[in-house]
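File shown: work-v1.cif. Contents: mmCIF, C-alpha atoms.
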data_start
loop_
_atom_site.label_atom_id
_atom_site.label_comp_id
_atom_site.auth_asym_id
_atom_site.auth_seq_id
_atom_site.Cartn_x
_atom_site.Cartn_y
_atom_site.Cartn_z
CA MET A 967 25.81 -69.16 -97.94
CA THR A 968 23.77 -72.35 -97.69
CA ARG A 969 23.76 -73.88 -94.22
CA ILE A 970 24.44 -77.61 -93.98
CA GLY A 971 22.27 -79.75 -91.72
CA PHE A 972 22.34 -83.35 -90.51
CA HIS A 973 19.20 -85.47 -90.83
CA ALA A 974 18.57 -88.00 -88.05
CA SER A 975 16.49 -90.88 -89.40
CA HIS A 976 14.35 -92.42 -86.66
CA GLU A 977 13.20 -95.11 -89.08
CA GLN A 978 16.70 -96.57 -89.28
CA HIS A 979 18.39 -96.04 -85.92
CA ALA A 980 17.58 -96.46 -82.25
CA PRO A 981 16.99 -93.13 -80.47
CA SER A 982 20.01 -93.57 -78.21
CA LYS A 983 22.25 -94.08 -81.23
CA LEU A 984 20.75 -91.08 -83.02
CA LEU A 985 21.46 -88.94 -79.98
CA ARG A 986 25.13 -89.88 -80.14
CA ASP A 987 25.09 -89.22 -83.88
CA VAL A 988 23.63 -85.70 -83.63
CA ILE A 989 26.13 -84.79 -80.90
CA ARG A 990 28.90 -85.98 -83.19
CA ALA A 991 27.35 -84.11 -86.14
CA GLU A 992 27.75 -80.85 -84.26
CA GLN A 993 31.35 -81.72 -83.40
CA VAL A 994 32.29 -82.38 -87.04
CA GLY A 995 30.84 -79.07 -88.22
CA PHE A 996 27.18 -79.36 -89.19
CA ASP A 997 25.27 -76.10 -88.73
CA GLU A 998 21.92 -77.56 -87.66
CA ALA A 999 19.88 -80.75 -87.66
CA MET A 1000 16.45 -82.21 -88.24
CA CYS A 1001 14.77 -85.54 -87.63
CA SER A 1002 11.90 -87.60 -88.99
CA ASP A 1003 8.64 -88.11 -87.08
CA HIS A 1004 7.32 -91.61 -87.81
CA LEU A 1005 5.33 -94.23 -85.97
CA ALA A 1006 6.47 -96.94 -88.38
CA PRO A 1007 9.52 -97.33 -90.61
CA TRP A 1008 9.13 -97.24 -94.38
CA LEU A 1009 10.66 -100.72 -94.73
CA THR A 1010 10.95 -103.68 -92.37
CA ALA A 1011 14.73 -103.67 -92.97
CA GLN A 1012 14.95 -100.21 -91.41
CA GLY A 1013 13.57 -101.66 -88.21
CA GLU A 1014 13.20 -98.61 -85.91
CA SER A 1015 10.84 -95.71 -85.22
CA GLY A 1016 11.49 -93.81 -82.00
CA TYR A 1017 9.27 -90.99 -80.74
CA ALA A 1018 10.65 -87.80 -82.23
CA TRP A 1019 9.40 -85.35 -79.60
CA SER A 1020 11.05 -87.15 -76.68
CA TRP A 1021 14.26 -87.35 -78.66
CA LEU A 1022 14.16 -83.65 -79.60
CA GLY A 1023 14.24 -82.59 -75.97
CA ALA A 1024 17.35 -84.65 -75.36
CA ALA A 1025 19.03 -83.58 -78.61
CA LEU A 1026 18.43 -79.87 -77.96
CA ALA A 1027 19.74 -80.26 -74.42
CA ARG A 1028 22.92 -82.06 -75.52
CA THR A 1029 23.83 -79.76 -78.44
CA ASP A 1030 23.68 -76.10 -79.39
CA LEU A 1031 22.21 -76.84 -82.82
CA PRO A 1032 18.86 -75.59 -84.10
CA ILE A 1033 16.82 -78.76 -84.60
CA GLY A 1034 13.43 -79.29 -86.22
CA LEU A 1035 11.22 -81.91 -87.76
CA VAL A 1036 8.47 -82.51 -90.29
CA THR A 1037 5.25 -83.49 -88.55
CA ALA A 1038 1.59 -84.02 -89.50
CA PRO A 1039 -1.16 -82.45 -87.39
CA GLY A 1040 -4.78 -83.54 -87.51
CA GLN A 1041 -4.99 -87.31 -87.07
CA ARG A 1042 -2.28 -89.07 -85.05
CA TYR A 1043 -1.51 -85.73 -83.36
CA HIS A 1044 -4.15 -83.26 -82.28
CA PRO A 1045 -2.88 -79.79 -83.30
CA ALA A 1046 -3.26 -78.46 -79.74
CA VAL A 1047 -0.92 -81.20 -78.49
CA LEU A 1048 1.62 -80.44 -81.21
CA ALA A 1049 1.48 -76.73 -80.41
CA GLN A 1050 2.08 -77.49 -76.73
CA ALA A 1051 5.05 -79.73 -77.54
CA LEU A 1052 6.63 -77.12 -79.81
CA ALA A 1053 5.98 -74.26 -77.36
CA THR A 1054 7.66 -76.21 -74.56
CA LEU A 1055 10.78 -76.88 -76.63
CA GLU A 1056 10.99 -73.26 -77.74
CA GLU A 1057 10.57 -72.00 -74.15
CA MET A 1058 13.50 -74.16 -73.00
CA PHE A 1059 15.67 -73.64 -76.09
CA PRO A 1060 14.82 -70.20 -77.54
CA GLY A 1061 15.34 -69.78 -81.26
CA ARG A 1062 16.35 -73.39 -81.84
CA ALA A 1063 13.15 -75.43 -82.32
CA TRP A 1064 11.07 -75.51 -85.49
CA ALA A 1065 8.39 -77.67 -87.04
CA ALA A 1066 7.38 -78.07 -90.66
CA LEU A 1067 3.75 -79.11 -91.00
CA GLY A 1068 2.63 -81.55 -93.68
CA SER A 1069 -0.53 -83.44 -94.57
CA GLY A 1070 0.99 -86.78 -93.51
CA GLU A 1071 1.17 -90.35 -94.77
CA ALA A 1072 -1.18 -93.23 -94.10
CA LEU A 1073 1.86 -95.24 -92.97
CA ASN A 1074 1.86 -93.28 -89.71
CA GLU A 1075 -1.66 -91.93 -89.42
CA HIS A 1076 -3.80 -95.05 -90.03
CA VAL A 1077 -3.16 -96.31 -86.48
CA THR A 1078 -5.91 -94.08 -85.05
CA GLY A 1079 -8.48 -96.19 -86.90
CA ASP A 1080 -9.92 -93.09 -88.54
CA THR A 1081 -10.51 -93.03 -92.27
CA TRP A 1082 -7.52 -91.82 -94.25
CA PRO A 1083 -8.88 -88.75 -96.06
CA PRO A 1084 -8.40 -87.90 -99.75
CA LYS A 1085 -5.81 -85.26 -100.62
CA ASP A 1086 -8.19 -82.28 -100.76
CA ASP A 1087 -9.50 -83.10 -97.28
CA ARG A 1088 -5.98 -83.55 -95.92
CA ASP A 1089 -5.00 -80.16 -97.33
CA ALA A 1090 -8.01 -78.51 -95.69
CA ARG A 1091 -7.14 -80.20 -92.40
CA LEU A 1092 -3.55 -79.01 -92.65
CA LEU A 1093 -4.62 -75.40 -93.18
CA ALA A 1094 -7.05 -75.55 -90.26
CA SER A 1095 -4.37 -77.14 -88.05
CA ALA A 1096 -1.71 -74.59 -88.97
CA THR A 1097 -4.13 -71.73 -88.32
CA ALA A 1098 -5.14 -73.06 -84.91
CA MET A 1099 -1.54 -73.83 -83.91
CA ARG A 1100 -0.38 -70.34 -84.81
CA ARG A 1101 -3.14 -68.79 -82.70
CA LEU A 1102 -2.28 -71.05 -79.77
CA LEU A 1103 1.43 -70.20 -80.02
CA GLU A 1104 0.51 -66.52 -79.91
CA GLY A 1105 -1.32 -67.06 -76.63
CA GLU A 1106 -4.92 -67.07 -77.85
CA GLU A 1107 -7.71 -69.29 -76.59
CA VAL A 1108 -9.01 -71.26 -79.56
CA ASP A 1109 -12.38 -72.76 -80.38
CA SER A 1110 -12.77 -74.38 -83.77
CA ASP A 1111 -15.05 -76.71 -85.67
CA PRO A 1112 -14.16 -79.53 -88.08
CA PRO A 1113 -11.96 -80.33 -89.85
CA VAL A 1114 -10.08 -79.55 -86.61
CA ARG A 1115 -12.21 -79.46 -83.48
CA MET A 1116 -11.01 -77.50 -80.43
CA HIS A 1117 -12.79 -76.34 -77.32
CA ARG A 1118 -11.29 -73.44 -75.37
CA ALA A 1119 -7.74 -74.65 -76.06
CA ARG A 1120 -4.99 -72.51 -74.56
CA LEU A 1121 -1.26 -72.89 -73.97
CA TRP A 1122 -0.19 -71.79 -70.52
CA SER A 1123 3.59 -72.21 -70.91
CA LEU A 1124 4.65 -70.04 -73.83
CA PRO A 1125 8.06 -69.03 -75.19
CA SER A 1126 9.00 -65.37 -75.34
CA SER A 1127 8.24 -65.42 -79.08
CA PRO A 1128 6.42 -68.05 -81.17
CA PRO A 1129 8.57 -70.63 -82.99
CA PRO A 1130 8.29 -70.76 -86.78
CA LEU A 1131 5.70 -73.00 -88.42
CA LEU A 1132 7.15 -74.06 -91.75
CA ALA A 1133 5.36 -76.14 -94.36
CA ALA A 1134 6.45 -79.39 -95.97
CA ALA A 1135 5.65 -79.69 -99.67
CA ILE A 1136 6.81 -81.93 -102.50
CA SER A 1137 4.87 -80.63 -105.50
CA PRO A 1138 4.80 -77.07 -106.85
CA HIS A 1139 1.02 -77.07 -106.39
CA THR A 1140 1.29 -77.78 -102.67
CA ALA A 1141 4.22 -75.39 -102.27
CA ALA A 1142 2.15 -72.55 -103.69
CA MET A 1143 -0.89 -73.53 -101.63
CA VAL A 1144 0.96 -73.34 -98.28
CA ALA A 1145 2.69 -70.03 -99.05
CA PRO A 1146 0.03 -67.80 -97.43
CA TRP A 1147 0.44 -69.31 -93.94
CA ALA A 1148 3.94 -70.81 -93.76
CA ASP A 1149 7.02 -69.28 -92.13
CA GLY A 1150 9.25 -71.21 -94.52
CA LEU A 1151 9.32 -74.27 -96.78
CA ILE A 1152 11.00 -77.64 -96.72
CA THR A 1153 10.97 -79.98 -99.70
CA VAL A 1154 12.82 -83.18 -100.56
CA GLY A 1155 14.37 -84.67 -103.68
CA ALA A 1156 17.53 -85.33 -105.63
CA ASP A 1157 16.45 -83.78 -108.93
CA ALA A 1158 17.61 -80.18 -109.17
CA ALA A 1159 14.88 -79.08 -111.56
CA SER A 1160 12.05 -80.59 -109.51
CA VAL A 1161 13.06 -79.17 -106.14
CA ARG A 1162 13.78 -75.79 -107.70
CA GLU A 1163 10.30 -75.76 -109.25
CA SER A 1164 8.70 -76.35 -105.85
CA ARG A 1165 10.86 -73.70 -104.19
CA ASP A 1166 10.07 -71.16 -106.91
CA ALA A 1167 6.35 -71.91 -106.70
CA TYR A 1168 6.46 -71.15 -102.98
CA VAL A 1169 8.38 -67.90 -103.43
CA ASP A 1170 6.28 -66.78 -106.41
CA ALA A 1171 3.10 -67.31 -104.36
CA GLY A 1172 4.42 -64.91 -101.72
CA GLY A 1173 6.07 -67.47 -99.46
CA ARG A 1174 8.31 -66.01 -96.76
CA GLY A 1175 11.10 -67.34 -94.57
CA ARG A 1176 13.78 -69.89 -95.26
CA THR A 1177 13.65 -72.51 -97.98
CA LEU A 1178 15.07 -75.85 -96.87
CA LEU A 1179 15.96 -79.03 -98.74
CA GLN A 1180 16.21 -82.56 -97.41
CA LEU A 1181 18.52 -84.66 -99.57
CA HIS A 1182 19.07 -88.42 -99.38
CA ILE A 1183 22.61 -89.54 -100.15
CA SER A 1184 24.51 -92.80 -100.08
CA LEU A 1185 28.23 -92.11 -99.74
CA GLU A 1186 30.14 -95.35 -99.24
CA PRO A 1187 33.67 -96.65 -99.89
CA THR A 1188 32.68 -98.14 -103.26
CA GLU A 1189 29.95 -97.46 -105.81
CA GLU A 1190 28.62 -100.99 -105.34
CA GLN A 1191 28.34 -100.52 -101.57
CA ALA A 1192 26.60 -97.18 -102.07
CA LEU A 1193 23.99 -98.70 -104.37
CA ASP A 1194 23.49 -101.65 -102.02
CA ALA A 1195 22.92 -99.33 -99.05
CA ALA A 1196 20.36 -97.34 -101.02
CA ARG A 1197 18.62 -100.52 -102.18
CA THR A 1198 18.39 -102.19 -98.76
CA GLN A 1199 17.68 -99.08 -96.68
CA TRP A 1200 15.84 -96.61 -98.94
CA ALA A 1201 14.03 -98.65 -101.58
CA GLN A 1202 10.70 -96.99 -100.72
CA ALA A 1203 11.98 -93.96 -102.62
CA THR A 1204 11.25 -95.91 -105.83
CA VAL A 1205 7.54 -96.34 -105.05
CA PRO A 1206 5.39 -94.38 -107.55
CA PRO A 1207 4.74 -90.89 -106.09
CA GLU A 1208 0.96 -91.23 -106.35
CA LEU A 1209 1.09 -94.18 -103.89
CA MET A 1210 3.48 -92.75 -101.28
CA TRP A 1211 0.81 -91.08 -99.14
CA ASP A 1212 -1.73 -93.91 -99.19
CA LEU A 1213 0.25 -97.10 -98.44
CA ASP A 1214 -0.15 -98.03 -94.78
CA SER A 1215 2.57 -100.57 -93.93
CA PRO A 1216 6.27 -101.26 -94.53
CA GLU A 1217 5.25 -104.45 -96.31
CA ALA A 1218 3.11 -102.45 -98.73
CA PHE A 1219 6.02 -100.19 -99.56
CA GLU A 1220 8.24 -103.20 -100.16
CA SER A 1221 5.72 -104.76 -102.53
CA HIS A 1222 5.46 -101.56 -104.62
CA ALA A 1223 9.17 -100.66 -104.68
CA ASP A 1224 11.17 -101.07 -107.88
CA PRO A 1225 14.75 -100.51 -106.71
CA THR A 1226 16.58 -100.67 -110.03
CA ASP A 1227 19.87 -98.80 -110.22
CA GLU A 1228 18.29 -96.14 -112.40
CA LYS A 1229 15.41 -95.44 -110.06
CA LEU A 1230 17.60 -95.47 -106.97
CA ARG A 1231 19.97 -92.95 -108.54
CA ALA A 1232 17.01 -90.71 -109.37
CA ALA A 1233 15.95 -90.58 -105.71
CA VAL A 1234 19.28 -90.81 -103.87
CA ILE A 1235 22.65 -89.25 -104.63
CA VAL A 1236 24.78 -92.39 -104.83
CA GLY A 1237 28.56 -92.39 -104.99
CA SER A 1238 31.94 -93.20 -103.51
CA GLU A 1239 34.00 -90.17 -104.57
CA THR A 1240 33.56 -87.30 -102.13
CA ASP A 1241 34.18 -84.46 -104.58
CA GLU A 1242 31.70 -85.89 -107.09
CA VAL A 1243 29.01 -86.35 -104.44
CA ALA A 1244 29.68 -82.84 -103.08
CA GLU A 1245 29.27 -81.33 -106.55
CA ARG A 1246 25.96 -83.13 -107.05
CA ILE A 1247 24.71 -82.00 -103.62
CA ALA A 1248 25.70 -78.42 -104.40
CA THR A 1249 23.89 -78.53 -107.75
CA VAL A 1250 20.62 -79.72 -106.21
CA ALA A 1251 20.87 -77.44 -103.15
CA SER A 1252 21.71 -74.28 -105.09
CA GLY A 1253 19.42 -71.44 -104.06
CA PHE A 1254 18.18 -73.06 -100.85
CA ASP A 1255 18.95 -71.52 -97.48
CA ALA A 1256 19.85 -74.89 -95.95
CA VAL A 1257 20.32 -78.47 -97.08
CA PHE A 1258 19.87 -81.40 -94.68
CA LEU A 1259 21.91 -84.45 -95.59
CA HIS A 1260 20.47 -87.87 -94.88
CA GLN A 1261 23.03 -90.63 -95.26
CA VAL A 1262 20.91 -93.71 -95.96
CA GLY A 1263 23.68 -96.16 -95.05
CA LEU A 1264 23.63 -97.50 -91.52
CA ASP A 1265 27.21 -96.67 -90.48
CA GLN A 1266 26.61 -93.11 -89.36
CA PRO A 1267 29.88 -92.77 -87.36
CA ALA A 1268 31.92 -93.60 -90.47
CA PHE A 1269 29.87 -91.13 -92.52
CA LEU A 1270 30.38 -88.40 -89.93
CA GLU A 1271 34.12 -88.99 -89.90
CA ARG A 1272 34.13 -88.59 -93.66
CA CYS A 1273 32.03 -85.45 -93.34
CA GLU A 1274 34.62 -83.92 -91.03
CA SER A 1275 37.63 -84.73 -93.17
CA GLU A 1276 36.21 -84.57 -96.71
CA LEU A 1277 32.54 -83.84 -97.41
CA LEU A 1278 31.86 -80.73 -95.32
CA PRO A 1279 35.08 -78.95 -96.44
CA ALA A 1280 34.18 -79.72 -100.06
CA LEU A 1281 30.64 -78.43 -99.61
CA ARG A 1282 31.84 -75.24 -97.90
CA ARG A 1283 33.84 -74.47 -101.03
CA LEU A 1284 30.83 -75.05 -103.29
CA LEU A 1285 27.80 -73.70 -101.44
#
Once you've parsed the file, please lay out its structure as structure tokens.
Amino acid sequence: MTRIGFHASHEQHAPSKLLRDVIRAEQVGFDEAMCSDHLAPWLTAQGESGYAWSWLGAALARTDLPIGLVTAPGQRYHPAVLAQALATLEEMFPGRAWAALGSGEALNEHVTGDTWPPKDDRDARLLASATAMRRLLEGEEVDSDPPVRMHRARLWSLPSSPPPLLAAAISPHTAAMVAPWADGLITVGADAASVRESRDAYVDAGGRGRTLLQLHISLEPTEEQALDAARTQWAQATVPPELMWDLDSPEAFESHADPTDEKLRAAVIVGSETDEVAERIATVASGFDAVFLHQVGLDQPAFLERCESELLPALRRLL
């Protein structure tokens, strides 16, 4: 049975509000949760970007849910610091904290002033970061040279067992590339064939652990309201994929977005009828171990009420 998770979007909501939302998500029946880890929002209209690691401590303390995030080691975060943060959460909340490591986006990483590397260099940095973090989480002292430099790094407060280090991947190529080191995979998308191709590439390359899907949806009282919410709050999903990792500001994403109805519907499951939206979610999420639902509309309390009464029961019948 596919587990159903709630996605907390730091780009769109103040951290205090998101904390109330994730508490409510557990009450209405979600199995687990995840959050984003941004320094800047994708769009100026989103208007928020709280610090994920501070929020995770509070969210884990106020719920019993497993909660994780996608994060990018190597530039904004030194991998030793990320390993320490994850180890601390896992020591306090055993079996409930996880991180999926990705190569990052210039939107968040450019703030260090370092050059934003090309994709091959980012992939090499990700592998080196994941390798060093795993060794640190297993209690080793680590020295390493570029692309990730460490000098006698060691974690002194360790959990009883290391937390999982998943990988974040969009393309089948990246999904296969991370399979040798990852403890699981998370991908994102609303096209069933595309996300299944990435999942299969990971599994076929020997990937182990859970396969997770993040899915953007816009479930509103009317179809027009659902499209409007997607357009105003998630238009960056229509930016050409080859630009997503290299644009470095919300304004740049806005200038490259093309939020036509067709493109929005390709990136976000848009609808007003619960059963129809549930069927589309189930189609895309088929074969994944968990699906994390991100409601792009701003009224999260209303969405969660609808989850309790309509959407989650419908999904339980389908997944």
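Our summary of the geometry notes that CA of Val1047 in chain A is positioned 13.8 Å from CA of Ala1018 in chain A.
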Take the PyMOL selection byres ((chain A and resi 1269) around 12), apply it to the structure above, and return the hits as a PDB file with C-alpha atoms, keeping the file's coordinate frame.
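What ended up in result.pdb:
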ATOM      1  CA  PHE A 972      22.340 -83.350 -90.510  1.00  0.00           C
ATOM      2  CA  ASP A 987      25.090 -89.220 -83.880  1.00  0.00           C
ATOM      3  CA  ARG A 990      28.900 -85.980 -83.190  1.00  0.00           C
ATOM      4  CA  ALA A 991      27.350 -84.110 -86.140  1.00  0.00           C
ATOM      5  CA  VAL A 994      32.290 -82.380 -87.040  1.00  0.00           C
ATOM      6  CA  ILE A1183      22.610 -89.540-100.150  1.00  0.00           C
ATOM      7  CA  SER A1184      24.510 -92.800-100.080  1.00  0.00           C
ATOM      8  CA  LEU A1185      28.230 -92.110 -99.740  1.00  0.00           C
ATOM      9  CA  GLU A1186      30.140 -95.350 -99.240  1.00  0.00           C
ATOM     10  CA  PRO A1187      33.670 -96.650 -99.890  1.00  0.00           C
ATOM     11  CA  ALA A1192      26.600 -97.180-102.070  1.00  0.00           C
ATOM     12  CA  SER A1238      31.940 -93.200-103.510  1.00  0.00           C
ATOM     13  CA  THR A1240      33.560 -87.300-102.130  1.00  0.00           C
ATOM     14  CA  LEU A1259      21.910 -84.450 -95.590  1.00  0.00           C
ATOM     15  CA  HIS A1260      20.470 -87.870 -94.880  1.00  0.00           C
ATOM     16  CA  GLN A1261      23.030 -90.630 -95.260  1.00  0.00           C
ATOM     17  CA  VAL A1262      20.910 -93.710 -95.960  1.00  0.00           C
ATOM     18  CA  GLY A1263      23.680 -96.160 -95.050  1.00  0.00           C
ATOM     19  CA  LEU A1264      23.630 -97.500 -91.520  1.00  0.00           C
ATOM     20  CA  ASP A1265      27.210 -96.670 -90.480  1.00  0.00           C
ATOM     21  CA  GLN A1266      26.610 -93.110 -89.360  1.00  0.00           C
ATOM     22  CA  PRO A1267      29.880 -92.770 -87.360  1.00  0.00           C
ATOM     23  CA  ALA A1268      31.920 -93.600 -90.470  1.00  0.00           C
ATOM     24  CA  LEU A1270      30.380 -88.400 -89.930  1.00  0.00           C
ATOM     25  CA  GLU A1271      34.120 -88.990 -89.900  1.00  0.00           C
ATOM     26  CA  ARG A1272      34.130 -88.590 -93.660  1.00  0.00           C
ATOM     27  CA  CYS A1273      32.030 -85.450 -93.340  1.00  0.00           C
ATOM     28  CA  GLU A1274      34.620 -83.920 -91.030  1.00  0.00           C
ATOM     29  CA  SER A1275      37.630 -84.730 -93.170  1.00  0.00           C
ATOM     30  CA  GLU A1276      36.210 -84.570 -96.710  1.00  0.00           C
ATOM     31  CA  LEU A1277      32.540 -83.840 -97.410  1.00  0.00           C
ATOM     32  CA  LEU A1278      31.860 -80.730 -95.320  1.00  0.00           C
TER      33      LEU A1278
END
Self-check item: Exercise: Ala1203 in chain A partners within 12 Å, all atoms listed in the file, chain neighbours under 2 positions left out, as a PyMOL selection string
Solution: chain A and resi 1008-1009+1154-1156+1181-1183+1196-1201+1205-1210+1219-1220+1222-1235+1262
For the residues selected in the previous step, produce a file with C-alpha atoms as a PDB file, keeping the file's coordinate frame.
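Output file again_6.pdb follows:
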ATOM      1  CA  TRP A1008       9.130 -97.240 -94.380  1.00  0.00           C
ATOM      2  CA  LEU A1009      10.660-100.720 -94.730  1.00  0.00           C
ATOM      3  CA  VAL A1154      12.820 -83.180-100.560  1.00  0.00           C
ATOM      4  CA  GLY A1155      14.370 -84.670-103.680  1.00  0.00           C
ATOM      5  CA  ALA A1156      17.530 -85.330-105.630  1.00  0.00           C
ATOM      6  CA  LEU A1181      18.520 -84.660 -99.570  1.00  0.00           C
ATOM      7  CA  HIS A1182      19.070 -88.420 -99.380  1.00  0.00           C
ATOM      8  CA  ILE A1183      22.610 -89.540-100.150  1.00  0.00           C
ATOM      9  CA  ALA A1196      20.360 -97.340-101.020  1.00  0.00           C
ATOM     10  CA  ARG A1197      18.620-100.520-102.180  1.00  0.00           C
ATOM     11  CA  THR A1198      18.390-102.190 -98.760  1.00  0.00           C
ATOM     12  CA  GLN A1199      17.680 -99.080 -96.680  1.00  0.00           C
ATOM     13  CA  TRP A1200      15.840 -96.610 -98.940  1.00  0.00           C
ATOM     14  CA  ALA A1201      14.030 -98.650-101.580  1.00  0.00           C
ATOM     15  CA  VAL A1205       7.540 -96.340-105.050  1.00  0.00           C
ATOM     16  CA  PRO A1206       5.390 -94.380-107.550  1.00  0.00           C
ATOM     17  CA  PRO A1207       4.740 -90.890-106.090  1.00  0.00           C
ATOM     18  CA  GLU A1208       0.960 -91.230-106.350  1.00  0.00           C
ATOM     19  CA  LEU A1209       1.090 -94.180-103.890  1.00  0.00           C
ATOM     20  CA  MET A1210       3.480 -92.750-101.280  1.00  0.00           C
ATOM     21  CA  PHE A1219       6.020-100.190 -99.560  1.00  0.00           C
ATOM     22  CA  GLU A1220       8.240-103.200-100.160  1.00  0.00           C
ATOM     23  CA  HIS A1222       5.460-101.560-104.620  1.00  0.00           C
ATOM     24  CA  ALA A1223       9.170-100.660-104.680  1.00  0.00           C
ATOM     25  CA  ASP A1224      11.170-101.070-107.880  1.00  0.00           C
ATOM     26  CA  PRO A1225      14.750-100.510-106.710  1.00  0.00           C
ATOM     27  CA  THR A1226      16.580-100.670-110.030  1.00  0.00           C
ATOM     28  CA  ASP A1227      19.870 -98.800-110.220  1.00  0.00           C
ATOM     29  CA  GLU A1228      18.290 -96.140-112.400  1.00  0.00           C
ATOM     30  CA  LYS A1229      15.410 -95.440-110.060  1.00  0.00           C
ATOM     31  CA  LEU A1230      17.600 -95.470-106.970  1.00  0.00           C
ATOM     32  CA  ARG A1231      19.970 -92.950-108.540  1.00  0.00           C
ATOM     33  CA  ALA A1232      17.010 -90.710-109.370  1.00  0.00           C
ATOM     34  CA  ALA A1233      15.950 -90.580-105.710  1.00  0.00           C
ATOM     35  CA  VAL A1234      19.280 -90.810-103.870  1.00  0.00           C
ATOM     36  CA  ILE A1235      22.650 -89.250-104.630  1.00  0.00           C
ATOM     37  CA  VAL A1262      20.910 -93.710 -95.960  1.00  0.00           C
TER      38      VAL A1262
END
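For the structure in this document, the set picked by the PyMOL selection byres ((chain A and resi 1030-1037) around 6) is Glu998, Ala999, Met1000, Cys1001, Ser1002, Asp1003, Thr1029, Ala1038, Arg1062, Ala1063, Trp1064, Ala1065, Ala1066 and Leu1067 of chain A.
Each of A:Asp1194, A:Met1143, A:Gly1105, A:Glu1014 was checked against Ala1171 in chain A using all atoms listed in the file; the smallest atom-to-atom distance is that of A:Met1143.
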Picked residues, the PyMOL selection byres ((chain A and resi 1049) around 9), expected as a CSV table (one decimal) with C-alpha atoms, keeping the file's coordinate frame:
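Ended up saving to selection-v9.csv:
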chain,number,residue,atom,x,y,z
A,1044,HIS,CA,-4.2,-83.3,-82.3
A,1045,PRO,CA,-2.9,-79.8,-83.3
A,1046,ALA,CA,-3.3,-78.5,-79.7
A,1047,VAL,CA,-0.9,-81.2,-78.5
A,1048,LEU,CA,1.6,-80.4,-81.2
A,1050,GLN,CA,2.1,-77.5,-76.7
A,1051,ALA,CA,5.0,-79.7,-77.5
A,1052,LEU,CA,6.6,-77.1,-79.8
A,1053,ALA,CA,6.0,-74.3,-77.4
A,1054,THR,CA,7.7,-76.2,-74.6
A,1098,ALA,CA,-5.1,-73.1,-84.9
A,1099,MET,CA,-1.5,-73.8,-83.9
A,1100,ARG,CA,-0.4,-70.3,-84.8
A,1102,LEU,CA,-2.3,-71.0,-79.8
A,1103,LEU,CA,1.4,-70.2,-80.0
A,1121,LEU,CA,-1.3,-72.9,-74.0
Quiz prompt | Nearest to Thr968 in chain A, chosen from A:Ser1123, A:Thr1177, A:Ser1215, A:Ser1069, with only C-alpha atoms counted in the distances | solution = A:Thr1177
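Picture a line from CA of Leu1131 in chain A to CA of Trp1147 in chain A; it runs 8.5 Å.
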Exercise. Tell me, as a PyMOL selection string, which residues lie within 8 Å of Trp1082 in chain A, counting all atoms listed in the file; anything in the same chain fewer than 5 positions away does not count.
Key: chain A and resi 1072+1075-1076+1212
Practice problem: Rank nothing, just name the residue among A:Ala1158, A:Ala1142, A:Leu1093, A:Met1058 nearest to Pro1125 in chain A, using all atoms listed in the file. | Solution: A:Met1058
Quiz item: What separation in Å, quoted to one decimal, exists between CA of Pro1039 in chain A and CA of Glu1104 in chain A?
Solution: 17.7 Å
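For the residues A:Glu1057, A:Asp1089, A:Asp1166, A:Glu977, ranking by smallest atom-to-atom distance to Trp1122 in chain A using all atoms listed in the file places A:Glu1057 first.
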Quiz prompt | Counting all atoms listed in the file, the residue of A:Leu1178, A:Met1116, A:Met967, A:Ala1145 that sits nearest Leu1284 in chain A | solution = A:Met967
Exercise. Pick out the closest residue to Thr1078 in chain A from this set: A:Pro1007, A:Gly1061, A:Gly1040, A:Pro1216. Count all atoms listed in the file.
Key: A:Gly1040
Edge lengths and centre in Å to one decimal, as lines of an AutoDock Vina configuration file, is what I'm after for the box along x, y and z that holds all listed atoms of range 1102-1120 of chain A once 3 Å is added on each side.
center_x = -6.8
center_y = -73.4
center_z = -82.2
size_x = 22.5
size_y = 19.8
size_z = 21.3
Filled-in N, CA and C atoms of range 1026-1033 of chain A, supplied as a tab-separated table (two decimals), keeping the file's coordinate frame:
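Wrote it out as part18.tsv, contents follow:
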chain	number	residue	atom	x	y	z
A	1026	LEU	N	18.25	-81.31	-78.17
A	1026	LEU	CA	18.43	-79.87	-77.96
A	1026	LEU	C	19.22	-79.61	-76.68
A	1027	ALA	N	19.03	-80.44	-75.67
A	1027	ALA	CA	19.74	-80.26	-74.42
A	1027	ALA	C	21.22	-80.63	-74.53
A	1028	ARG	N	21.55	-81.55	-75.41
A	1028	ARG	CA	22.92	-82.06	-75.52
A	1028	ARG	C	23.73	-81.38	-76.61
A	1029	THR	N	23.11	-80.49	-77.39
A	1029	THR	CA	23.83	-79.76	-78.44
A	1029	THR	C	23.43	-78.29	-78.37
A	1030	ASP	N	24.07	-77.50	-79.21
A	1030	ASP	CA	23.68	-76.10	-79.39
A	1030	ASP	C	23.07	-75.88	-80.77
A	1031	LEU	N	22.74	-76.94	-81.46
A	1031	LEU	CA	22.21	-76.84	-82.82
A	1031	LEU	C	20.75	-76.44	-82.82
A	1032	PRO	N	20.30	-75.66	-83.80
A	1032	PRO	CA	18.86	-75.59	-84.10
A	1032	PRO	C	18.43	-76.95	-84.65
A	1033	ILE	N	17.29	-77.45	-84.17
A	1033	ILE	CA	16.82	-78.76	-84.60
A	1033	ILE	C	15.31	-78.70	-84.82
